[in-house]
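All remarks here apply to the structure that follows.
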Amino acid sequence: MAKIVIDPVTRIEGHMKVEVEVENGVIADARCSGTVFRGLEQLVIGKDPRDVPYVTERACGV
């Protein structure tokens, strides 16, 4: 079994980590984690879900 870790993932704002376990050339398990709380979720509590992209894109281009 091989384990591939990409940390940090670049080209995004904030920090992200990806871990993949490969067995016989097939992905057996994969995990992705964000390691920094930015608080964008707090901005959209109670808002219409269709409005969320417009709110968050102002703070983050991803």
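Chain lettering (A, B, ...) mirrors the order of the structure tokens, residue numbering begins at 1 for each chain separately, and ligand numbering begins at 1 in order of display.
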- Task: Give the strand (DSSP E or B) residues of chain A, as assigned by DSSP on the backbone, as a PyMOL selection string.
- Result: chain A and resi 2-6+16-23+26-34
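Minimum distance to A:Cys32 across A:Val18, A:Ile6, A:Ala59, A:Met1 (counting only C-alpha atoms) occurs at A:Val18.
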- Item | Within 10 Å of stretch 23-30 of chain A using only C-alpha atoms, minus same-chain residues under 4 positions, as JSON, numbers by chain | {"A": [1, 2, 3, 4, 5, 18, 19]}
Take the residues from that selection and put them in a file with N, CA and C atoms, as a CSV table (one decimal), in the first residue's frame.
```csv
chain,number,residue,atom,x,y,z
A,1,MET,N,0.9,-1.2,0.0
A,1,MET,CA,0.0,0.0,0.0
A,1,MET,C,0.9,1.2,0.0
A,2,ALA,N,0.6,2.2,-0.9
A,2,ALA,CA,1.3,3.4,-0.9
A,2,ALA,C,0.4,4.6,-0.4
A,3,LYS,N,1.0,5.5,0.3
A,3,LYS,CA,0.2,6.6,0.8
A,3,LYS,C,0.8,7.9,0.1
A,4,ILE,N,-0.1,8.7,-0.5
A,4,ILE,CA,0.3,9.9,-1.1
A,4,ILE,C,-0.3,11.1,-0.3
A,5,VAL,N,0.6,12.0,0.1
A,5,VAL,CA,0.1,13.2,0.8
A,5,VAL,C,0.5,14.5,0.1
A,18,VAL,N,-4.5,16.8,1.3
A,18,VAL,CA,-5.1,15.6,0.6
A,18,VAL,C,-4.3,14.4,0.9
A,19,GLU,N,-4.9,13.3,1.4
A,19,GLU,CA,-4.2,12.1,1.6
A,19,GLU,C,-4.9,11.0,0.8
```
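Around A:Gln42, within 12 Å and counting only C-alpha atoms, the residues found are A:Val52, A:Val55, A:Thr56, once anything fewer than 6 positions away on its own chain is removed.
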Generate a file of the selected residues that holds N, CA and C atoms, formatted as a short mmCIF file (atom, residue, chain, number, x, y, z; two decimals), in the first residue's frame.
```
data_model
loop_
_atom_site.label_atom_id
_atom_site.label_comp_id
_atom_site.auth_asym_id
_atom_site.auth_seq_id
_atom_site.Cartn_x
_atom_site.Cartn_y
_atom_site.Cartn_z
N VAL A 52 -25.39 32.25 -1.44
CA VAL A 52 -24.08 31.94 -0.86
C VAL A 52 -22.92 32.18 -1.82
N VAL A 55 -22.00 35.86 -1.90
CA VAL A 55 -21.40 36.37 -0.66
C VAL A 55 -19.96 35.90 -0.54
N THR A 56 -19.71 34.63 -0.74
CA THR A 56 -18.37 34.08 -0.50
C THR A 56 -17.38 34.47 -1.59
#
```
- Query: Using only C-alpha atoms, which of A:Glu21, A:Val9, A:Glu57, A:Pro49 sits nearest A:Ser33?
  - Reply: A:Val9
- Message: as a PyMOL selection string, please: every residue in chain A that DSSP puts in helix (DSSP H, G or I).
- Response: chain A and resi 40-43+49-56
Can I get the selection written as a compact mmCIF listing (two decimals), in the first residue's frame, with all heavy atoms?
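File part-v7.txt, as written:
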```
# COMPACT_ATOMS: atom_id res chain seq x y z
N LEU A 40 -16.11 32.10 6.81
CA LEU A 40 -17.06 32.44 5.76
C LEU A 40 -18.42 31.81 6.01
O LEU A 40 -19.46 32.35 5.63
CB LEU A 40 -16.54 32.00 4.39
CG LEU A 40 -15.28 32.71 3.90
CD1 LEU A 40 -14.83 32.12 2.57
CD2 LEU A 40 -15.51 34.20 3.76
N GLU A 41 -18.40 30.65 6.67
CA GLU A 41 -19.67 29.98 6.97
C GLU A 41 -20.56 30.86 7.85
O GLU A 41 -21.78 30.84 7.72
CB GLU A 41 -19.42 28.65 7.67
CG GLU A 41 -18.63 27.65 6.86
CD GLU A 41 -17.12 27.83 6.97
OE1 GLU A 41 -16.66 28.77 7.63
OE2 GLU A 41 -16.41 27.02 6.38
N GLN A 42 -19.97 31.60 8.74
CA GLN A 42 -20.73 32.46 9.64
C GLN A 42 -21.46 33.58 8.89
O GLN A 42 -22.50 34.06 9.34
CB GLN A 42 -19.80 33.08 10.70
CG GLN A 42 -19.06 32.06 11.54
CD GLN A 42 -19.98 31.14 12.30
OE1 GLN A 42 -20.93 31.59 12.92
NE2 GLN A 42 -19.72 29.85 12.22
N LEU A 43 -20.90 33.98 7.75
CA LEU A 43 -21.52 35.06 6.97
C LEU A 43 -22.83 34.63 6.31
O LEU A 43 -23.66 35.47 5.99
CB LEU A 43 -20.57 35.53 5.86
CG LEU A 43 -19.30 36.23 6.31
CD1 LEU A 43 -18.40 36.47 5.11
CD2 LEU A 43 -19.64 37.56 6.98
N PRO A 49 -29.68 29.70 0.21
CA PRO A 49 -28.53 29.00 -0.36
C PRO A 49 -28.11 29.52 -1.73
O PRO A 49 -26.94 29.46 -2.09
CB PRO A 49 -28.99 27.55 -0.44
CG PRO A 49 -30.06 27.43 0.57
CD PRO A 49 -30.73 28.78 0.63
N ARG A 50 -29.04 30.06 -2.49
CA ARG A 50 -28.70 30.59 -3.81
C ARG A 50 -27.88 31.87 -3.72
O ARG A 50 -27.24 32.27 -4.69
CB ARG A 50 -29.98 30.83 -4.61
CG ARG A 50 -30.71 29.51 -4.93
CD ARG A 50 -32.05 29.78 -5.50
NE ARG A 50 -32.91 30.31 -4.42
CZ ARG A 50 -34.20 30.52 -4.51
NH1 ARG A 50 -34.82 30.26 -5.64
NH2 ARG A 50 -34.89 30.97 -3.49
N ASP A 51 -27.87 32.52 -2.56
CA ASP A 51 -27.10 33.74 -2.37
C ASP A 51 -25.66 33.47 -1.92
O ASP A 51 -24.80 34.35 -2.00
CB ASP A 51 -27.76 34.65 -1.32
CG ASP A 51 -29.09 35.19 -1.80
OD1 ASP A 51 -29.29 35.24 -3.04
OD2 ASP A 51 -29.92 35.54 -0.95
N VAL A 52 -25.39 32.25 -1.44
CA VAL A 52 -24.08 31.94 -0.86
C VAL A 52 -22.92 32.18 -1.82
O VAL A 52 -21.93 32.79 -1.43
CB VAL A 52 -24.07 30.50 -0.29
CG1 VAL A 52 -22.67 30.09 0.13
CG2 VAL A 52 -25.04 30.40 0.87
N PRO A 53 -22.99 31.75 -3.09
CA PRO A 53 -21.85 32.01 -3.98
C PRO A 53 -21.54 33.50 -4.13
O PRO A 53 -20.37 33.89 -4.22
CB PRO A 53 -22.29 31.42 -5.32
CG PRO A 53 -23.31 30.39 -4.97
CD PRO A 53 -24.01 30.93 -3.76
N TYR A 54 -22.55 34.32 -4.13
CA TYR A 54 -22.32 35.76 -4.30
C TYR A 54 -21.68 36.38 -3.07
O TYR A 54 -20.88 37.31 -3.17
CB TYR A 54 -23.64 36.46 -4.62
CG TYR A 54 -24.28 35.93 -5.87
CD1 TYR A 54 -25.43 35.15 -5.81
CD2 TYR A 54 -23.71 36.17 -7.12
CE1 TYR A 54 -26.00 34.64 -6.96
CE2 TYR A 54 -24.28 35.66 -8.27
CZ TYR A 54 -25.42 34.90 -8.19
OH TYR A 54 -25.97 34.39 -9.33
N VAL A 55 -22.00 35.86 -1.90
CA VAL A 55 -21.40 36.37 -0.66
C VAL A 55 -19.96 35.90 -0.54
O VAL A 55 -19.05 36.71 -0.30
CB VAL A 55 -22.21 35.91 0.57
CG1 VAL A 55 -21.51 36.28 1.86
CG2 VAL A 55 -23.62 36.47 0.54
N THR A 56 -19.71 34.63 -0.74
CA THR A 56 -18.37 34.08 -0.50
C THR A 56 -17.38 34.47 -1.59
O THR A 56 -16.20 34.60 -1.32
CB THR A 56 -18.41 32.55 -0.38
OG1 THR A 56 -19.00 31.99 -1.55
CG2 THR A 56 -19.20 32.13 0.85
```
